[in-house]
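J.: Pasting structure_14.cif here (mmCIF, C-alpha atoms and all ligand atoms):
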data_final
#
loop_
_atom_site.label_atom_id
_atom_site.label_comp_id
_atom_site.auth_asym_id
_atom_site.auth_seq_id
_atom_site.Cartn_x
_atom_site.Cartn_y
_atom_site.Cartn_z
CA MET O 36 1.18 2.32 -90.85
CA ALA O 37 -1.88 2.45 -88.53
CA ARG O 38 -4.44 5.01 -89.72
CA LEU O 39 -7.13 6.53 -87.57
CA VAL O 40 -10.50 6.82 -89.32
CA ARG O 41 -13.09 9.39 -88.28
CA VAL O 42 -15.13 8.19 -85.33
CA ARG O 43 -18.28 9.38 -83.61
CA GLU O 44 -17.52 11.59 -80.66
CA HIS O 45 -19.72 9.60 -78.27
CA VAL O 46 -21.63 6.38 -78.37
CA ASN O 47 -24.53 5.59 -76.06
CA PRO O 48 -23.41 2.60 -73.97
CA LEU O 49 -27.07 1.77 -73.27
CA ALA O 50 -27.85 1.22 -76.97
CA ILE O 51 -29.04 -2.28 -77.74
CA GLN O 52 -25.92 -3.27 -79.74
CA TYR O 53 -23.67 -2.74 -76.67
CA GLN O 54 -25.58 -4.89 -74.18
CA LYS O 55 -23.80 -8.21 -74.81
CA PRO O 56 -20.54 -8.78 -72.91
CA THR O 57 -17.49 -9.24 -75.16
CA PRO O 58 -16.06 -12.74 -74.62
CA PRO O 59 -12.53 -12.68 -73.22
CA PRO O 60 -9.74 -13.65 -75.63
CA ASP O 61 -7.22 -16.34 -74.76
CA TRP O 62 -5.05 -14.13 -72.57
CA SER O 63 -1.97 -16.32 -72.80
CA THR O 64 -1.88 -15.88 -76.60
CA VAL O 65 -2.67 -12.15 -76.45
CA TYR O 66 0.17 -11.30 -74.05
CA GLY O 67 3.80 -12.39 -74.23
CA ASP O 68 3.73 -13.17 -70.49
CA TRP O 69 0.28 -13.22 -68.89
CA SER O 70 1.78 -13.62 -65.41
CA LEU O 71 3.02 -9.98 -65.34
CA PRO O 72 1.10 -7.46 -63.18
CA LEU O 73 -1.94 -6.17 -65.08
CA SER O 74 -3.15 -2.56 -65.39
CA LEU O 75 -6.53 -1.64 -66.89
CA ASP O 76 -7.36 1.61 -68.67
CA LEU O 77 -11.14 2.08 -68.77
CA GLY O 78 -12.14 4.05 -71.89
CA SER O 79 -8.76 3.92 -73.59
CA GLY O 80 -9.73 6.21 -76.50
CA GLN O 81 -7.01 6.29 -79.19
CA GLY O 82 -4.76 4.18 -76.97
CA GLU O 83 -1.64 6.34 -77.01
CA TYR O 84 -1.43 6.46 -73.20
CA LEU O 85 -1.23 2.66 -72.91
CA ILE O 86 1.06 2.30 -75.92
CA GLN O 87 3.54 4.61 -74.21
CA MET O 88 3.05 2.94 -70.82
CA GLY O 89 3.76 -0.43 -72.44
CA GLN O 90 6.97 0.91 -73.92
CA ARG O 91 8.05 2.48 -70.64
CA TYR O 92 7.21 -0.52 -68.44
CA PRO O 93 7.98 -3.78 -70.29
CA ASP O 94 7.61 -5.71 -67.00
CA ARG O 95 3.89 -4.90 -66.76
CA ASN O 96 0.86 -5.82 -68.89
CA PHE O 97 -1.69 -3.19 -69.99
CA LEU O 98 -5.25 -3.72 -71.16
CA GLY O 99 -7.33 -0.93 -72.69
CA LEU O 100 -11.12 -1.31 -72.80
CA GLU O 101 -13.01 0.86 -75.27
CA ILE O 102 -16.51 0.94 -76.75
CA ARG O 103 -15.64 2.71 -80.03
CA ARG O 104 -14.53 -0.16 -82.25
CA PRO O 105 -12.48 1.87 -84.78
CA LEU O 106 -10.36 3.24 -81.92
CA VAL O 107 -9.70 -0.30 -80.69
CA GLU O 108 -8.71 -1.42 -84.20
CA TYR O 109 -6.39 1.57 -84.53
CA SER O 110 -4.83 0.99 -81.09
CA ASN O 111 -4.22 -2.70 -81.79
CA ALA O 112 -2.70 -1.83 -85.19
CA ARG O 113 -0.29 0.50 -83.35
CA ARG O 114 0.50 -2.28 -80.89
CA GLU O 115 1.30 -4.65 -83.80
CA GLU O 116 3.35 -2.02 -85.59
CA LEU O 117 5.47 -1.49 -82.48
CA GLY O 118 5.67 -5.20 -81.63
CA LEU O 119 4.34 -4.63 -78.09
CA SER O 120 3.41 -7.94 -76.50
CA ASN O 121 2.49 -6.37 -73.14
CA VAL O 122 -0.33 -4.13 -74.42
CA TYR O 123 -3.75 -5.09 -75.77
CA PHE O 124 -7.03 -3.32 -76.52
CA LEU O 125 -10.46 -4.92 -76.34
CA PHE O 126 -13.67 -3.63 -77.89
CA CYS O 127 -16.39 -3.84 -75.26
CA ASN O 128 -18.95 -2.07 -73.15
CA ILE O 129 -17.02 -2.01 -69.87
CA ASN O 130 -20.16 -2.08 -67.74
CA GLN O 131 -21.33 -5.29 -69.41
CA THR O 132 -17.98 -6.98 -69.90
CA LEU O 133 -15.72 -6.24 -66.94
CA PRO O 134 -17.51 -8.50 -64.42
CA HIS O 135 -16.83 -11.54 -66.70
CA LEU O 136 -13.53 -10.54 -68.25
CA LEU O 137 -10.78 -12.02 -66.12
CA PRO O 138 -10.22 -15.51 -64.71
CA PRO O 139 -10.87 -15.67 -60.94
CA ASP O 140 -7.17 -16.08 -60.13
CA LYS O 141 -6.17 -12.91 -62.00
CA ARG O 142 -6.13 -9.68 -60.01
CA VAL O 143 -5.53 -6.17 -61.35
CA ALA O 144 -2.70 -4.07 -59.92
CA GLU O 145 -3.88 -0.68 -61.16
CA VAL O 146 -6.92 0.83 -62.87
CA THR O 147 -7.02 4.18 -64.66
CA ILE O 148 -10.25 6.01 -65.48
CA GLN O 149 -9.19 9.08 -67.40
CA PHE O 150 -11.58 11.77 -68.56
CA PRO O 151 -14.70 9.59 -68.74
CA ASP O 152 -17.55 10.97 -70.85
CA PRO O 153 -19.42 13.42 -68.58
CA TRP O 154 -23.00 12.93 -69.90
CA PHE O 155 -24.07 16.29 -68.47
CA LYS O 156 -27.86 16.06 -68.78
CA ARG O 157 -29.61 14.51 -65.81
CA ARG O 158 -31.55 12.07 -68.01
CA GLN O 159 -28.21 10.89 -69.46
CA HIS O 160 -26.50 10.24 -66.11
CA LYS O 161 -27.34 6.54 -66.42
CA ARG O 162 -24.93 6.37 -69.37
CA ARG O 163 -21.98 7.26 -67.13
CA LEU O 164 -19.25 4.67 -66.89
CA VAL O 165 -18.70 4.93 -63.14
CA ASN O 166 -21.66 3.73 -61.10
CA ALA O 167 -22.07 1.62 -57.97
CA GLU O 168 -21.94 -1.64 -59.97
CA LEU O 169 -18.65 -0.71 -61.62
CA VAL O 170 -17.12 0.22 -58.25
CA ASN O 171 -18.29 -3.14 -56.85
CA THR O 172 -16.75 -4.97 -59.79
CA LEU O 173 -13.46 -3.14 -59.28
CA ALA O 174 -13.47 -4.09 -55.60
CA GLN O 175 -13.65 -7.74 -56.70
CA ILE O 176 -10.94 -7.68 -59.35
CA VAL O 177 -8.34 -5.27 -57.97
CA VAL O 178 -5.59 -6.76 -55.80
CA PRO O 179 -5.77 -5.65 -52.12
CA GLY O 180 -3.58 -2.56 -51.88
CA GLY O 181 -4.10 -1.87 -55.62
CA MET O 182 -4.86 1.61 -56.91
CA VAL O 183 -7.62 3.24 -58.94
CA LEU O 184 -6.50 6.52 -60.52
CA VAL O 185 -9.09 8.94 -61.87
CA GLN O 186 -8.82 12.18 -63.82
CA SER O 187 -11.49 14.50 -65.18
CA ASP O 188 -11.69 18.09 -66.31
CA VAL O 189 -15.39 18.23 -65.34
CA TRP O 190 -16.07 18.94 -61.68
CA ASP O 191 -19.50 17.31 -61.63
CA THR O 192 -18.11 14.09 -63.13
CA ALA O 193 -15.13 14.03 -60.79
CA TYR O 194 -17.28 14.68 -57.72
CA SER O 195 -19.80 12.04 -58.71
CA ILE O 196 -16.93 9.52 -59.05
CA LEU O 197 -15.51 10.58 -55.69
CA ARG O 198 -18.88 9.87 -54.05
CA GLN O 199 -19.29 6.51 -55.81
CA PHE O 200 -15.90 5.24 -54.56
CA GLU O 201 -16.27 6.69 -51.08
CA ALA O 202 -19.62 4.90 -50.75
CA HIS O 203 -17.78 1.58 -51.06
CA PRO O 204 -16.46 0.25 -47.73
CA ARG O 205 -13.18 -1.05 -49.20
CA PHE O 206 -12.01 1.92 -51.24
CA ILE O 207 -9.96 4.50 -49.39
CA ASN O 208 -9.58 8.01 -50.76
CA ARG O 209 -5.86 8.60 -50.32
CA ALA O 210 -6.36 12.38 -50.12
CA GLY O 211 -8.89 12.07 -47.28
CA ALA O 212 -12.68 11.90 -47.41
CA GLY O 213 -14.22 14.39 -49.83
CA GLN O 214 -10.85 15.60 -51.09
CA PHE O 215 -9.29 15.63 -54.54
CA ALA O 216 -5.69 14.45 -54.83
CA THR O 217 -2.95 17.00 -54.44
CA SER O 218 -0.32 14.42 -55.32
CA TYR O 219 -0.77 12.01 -58.18
CA PRO O 220 1.64 9.47 -59.69
CA GLU O 221 3.99 10.80 -62.34
CA HIS O 222 2.36 9.71 -65.59
CA ILE O 223 2.09 10.00 -69.35
CA PRO O 224 -0.65 12.51 -70.26
CA THR O 225 -3.62 11.12 -72.21
CA GLU O 226 -5.00 12.71 -75.38
CA ARG O 227 -7.82 14.36 -73.47
CA GLU O 228 -5.44 15.48 -70.74
CA LEU O 229 -3.21 17.22 -73.30
CA TRP O 230 -6.30 18.94 -74.73
CA ALA O 231 -7.43 20.04 -71.23
CA MET O 232 -3.96 21.40 -70.48
CA ARG O 233 -3.88 23.34 -73.77
CA LYS O 234 -7.30 24.84 -72.93
CA GLU O 235 -6.09 25.58 -69.38
CA ARG O 236 -8.99 23.64 -67.92
CA PRO O 237 -8.82 22.46 -64.31
CA ILE O 238 -7.96 18.78 -63.90
CA TYR O 239 -9.50 16.98 -60.91
CA ARG O 240 -7.58 13.91 -59.80
CA LEU O 241 -8.49 11.12 -57.42
CA VAL O 242 -6.46 8.24 -55.99
CA PHE O 243 -8.29 5.32 -54.35
CA GLN O 244 -6.69 2.31 -52.74
CA LEU O 245 -8.44 -1.00 -52.15
CA SER O 246 -8.09 -2.13 -48.55
CA GLY O 247 -7.32 -5.79 -47.76
C1 LIG O 301 -13.50 11.44 -73.24
S1 LIG O 301 -12.83 9.92 -73.80
C2 LIG O 301 -11.25 9.84 -72.94
C3 LIG O 301 -10.30 8.91 -73.64
C4 LIG O 301 -8.94 8.75 -72.92
N1 LIG O 301 -9.11 8.07 -71.65
C5 LIG O 301 -8.26 10.08 -72.72
O1 LIG O 301 -8.13 10.50 -71.56
O2 LIG O 301 -7.85 10.70 -73.72
C6 LIG O 301 -13.77 8.64 -72.90
C7 LIG O 301 -13.65 7.29 -73.58
O3 LIG O 301 -14.38 6.31 -72.86
C8 LIG O 301 -15.07 5.45 -73.81
N2 LIG O 301 -16.22 4.85 -73.11
C9 LIG O 301 -17.26 5.52 -72.56
N3 LIG O 301 -18.14 4.66 -72.01
C10 LIG O 301 -17.63 3.41 -72.21
C11 LIG O 301 -18.09 2.10 -71.88
N4 LIG O 301 -19.24 1.90 -71.22
N5 LIG O 301 -17.32 1.05 -72.24
C12 LIG O 301 -16.15 1.25 -72.92
N6 LIG O 301 -15.67 2.46 -73.25
C13 LIG O 301 -16.40 3.53 -72.90
C14 LIG O 301 -15.45 6.41 -74.90
O4 LIG O 301 -15.75 5.79 -76.13
C15 LIG O 301 -14.21 7.32 -74.98
O5 LIG O 301 -13.24 6.83 -75.89
#
I need this file expressed as structure tokens, please.
T.:
Amino acid sequence: MARLVRVREHVNPLAIQYQKPTPPPDWSTVYGDWSLPLSLDLGSGQGEYLIQMGQRYPDRNFLGLEIRRPLVEYSNARREELGLSNVYFLFCNINQTLPHLLPPDKRVAEVTIQFPDPWFKRRQHKRRLVNAELVNTLAQIVVPGGMVLVQSDVWDTAYSILRQFEAHPRFINRAGAGQFATSYPEHIPTERELWAMRKERPIYRLVFQLSG
């Protein structure tokens, strides 16, 4: 049975050991059917969200990207245990790896960015996952019409992400400029989302669509 070891709460994605992109695996051996529509979860944590998504939607592929290696090992052990051939987790620094991860003919149907680390201090803002380069990369790999779904329980983080996506000419905020989503797809709550709900924290949600 997969066992979760203790992990550091945060790692600094700018640390020297995270600057090399992770080479992509052979996708056709990782997934049972690589031709299925692909969803990415950026910062997949313990992986339970994608494990459950994979079980619920066997006609879609799911890829979790995560910088804390023990969480990736745990998530892939769960995947093996459950015999899920449509879910996979990759250890990587997303900011370094995502631009080189997928073959040019493979487009992503949906991206989730759920409760990204807030890095509150101004001098730590450069460690944030969502920046202009990441938004540009997503514009290149998401299928036209594809969705990016964002959740955060930290207003400053959510607002910063809203501004980053709205600054890109091809991403449309489905709720209207400057607005958080009032409707959001029915979904499986993530670990952090369950925690935020238990603590009765606000949850800010955003839905962006890539124009053609
Ligand atoms: C607060 S946790 C949220 C985990 C999960 N999405 C959830 O909602 O429960 C944010 C996750 O993003 C990962 N992460 C942060 N920056 C990353 C980066 N540059 N590349 C890959 N993973 C990253 C962290 O290690 C952490 O597991």
J.: If we count all atoms listed in the file, what is near range 72-84 of chain O at a cut-off of 6 Å, once residues fewer than 4 positions away on the same chain are taken out, given as a VMD selection string?
T.: chain O and resid 95 to 101 106 110 143 to 148 225
J.: Please return as a list of chain:residue names the residues found within 6 Å of ligand LIG 301 (chain O), counting only C-alpha atoms and all ligand atoms.
T.: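 If we count only C-alpha atoms and all ligand atoms, the neighbours of ligand LIG 301 (chain O) turn out to be O:His45, O:Pro48, O:Gly78, O:Ser79, O:Gly80, O:Leu100, O:Glu101, O:Ile102, O:Arg103, O:Cys127, O:Asn128, O:Ile129, O:Asn130, O:Gln149, O:Phe150, O:Pro151, O:Asp152, O:Leu164, O:Thr225, O:Glu226, O:Arg227, O:Glu228.
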J.: CA of Ser120 in chain O and CA of Gly67 in chain O are how many Å apart?
T.: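 If I compute the distance from CA of Ser120 in chain O to CA of Gly67 in chain O, I get 5.0 Å.
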J.: Let me make sure I understand: among O:Lys161, O:Arg240, O:Arg114, O:Arg233, which one has the smallest atom-to-atom distance to Thr217 in chain O if we use only C-alpha atoms?
T.: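 Distance minimum relative to Thr217 in chain O lands on O:Arg240.
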J.: Find the residue from O:Leu197, O:Ala112, O:Val107, O:Val65 that sits nearest to Arg209 in chain O; use all atoms listed in the file when measuring.
T.: O:Leu197
J.: Which residue out of O:Phe200, O:Trp230, O:Phe243, O:Phe126 has the minimum interatomic distance to Pro59 in chain O when all atoms listed in the file are used?
T.: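 Once distances to Pro59 in chain O are computed over all atoms listed in the file, the minimum belongs to O:Phe126.
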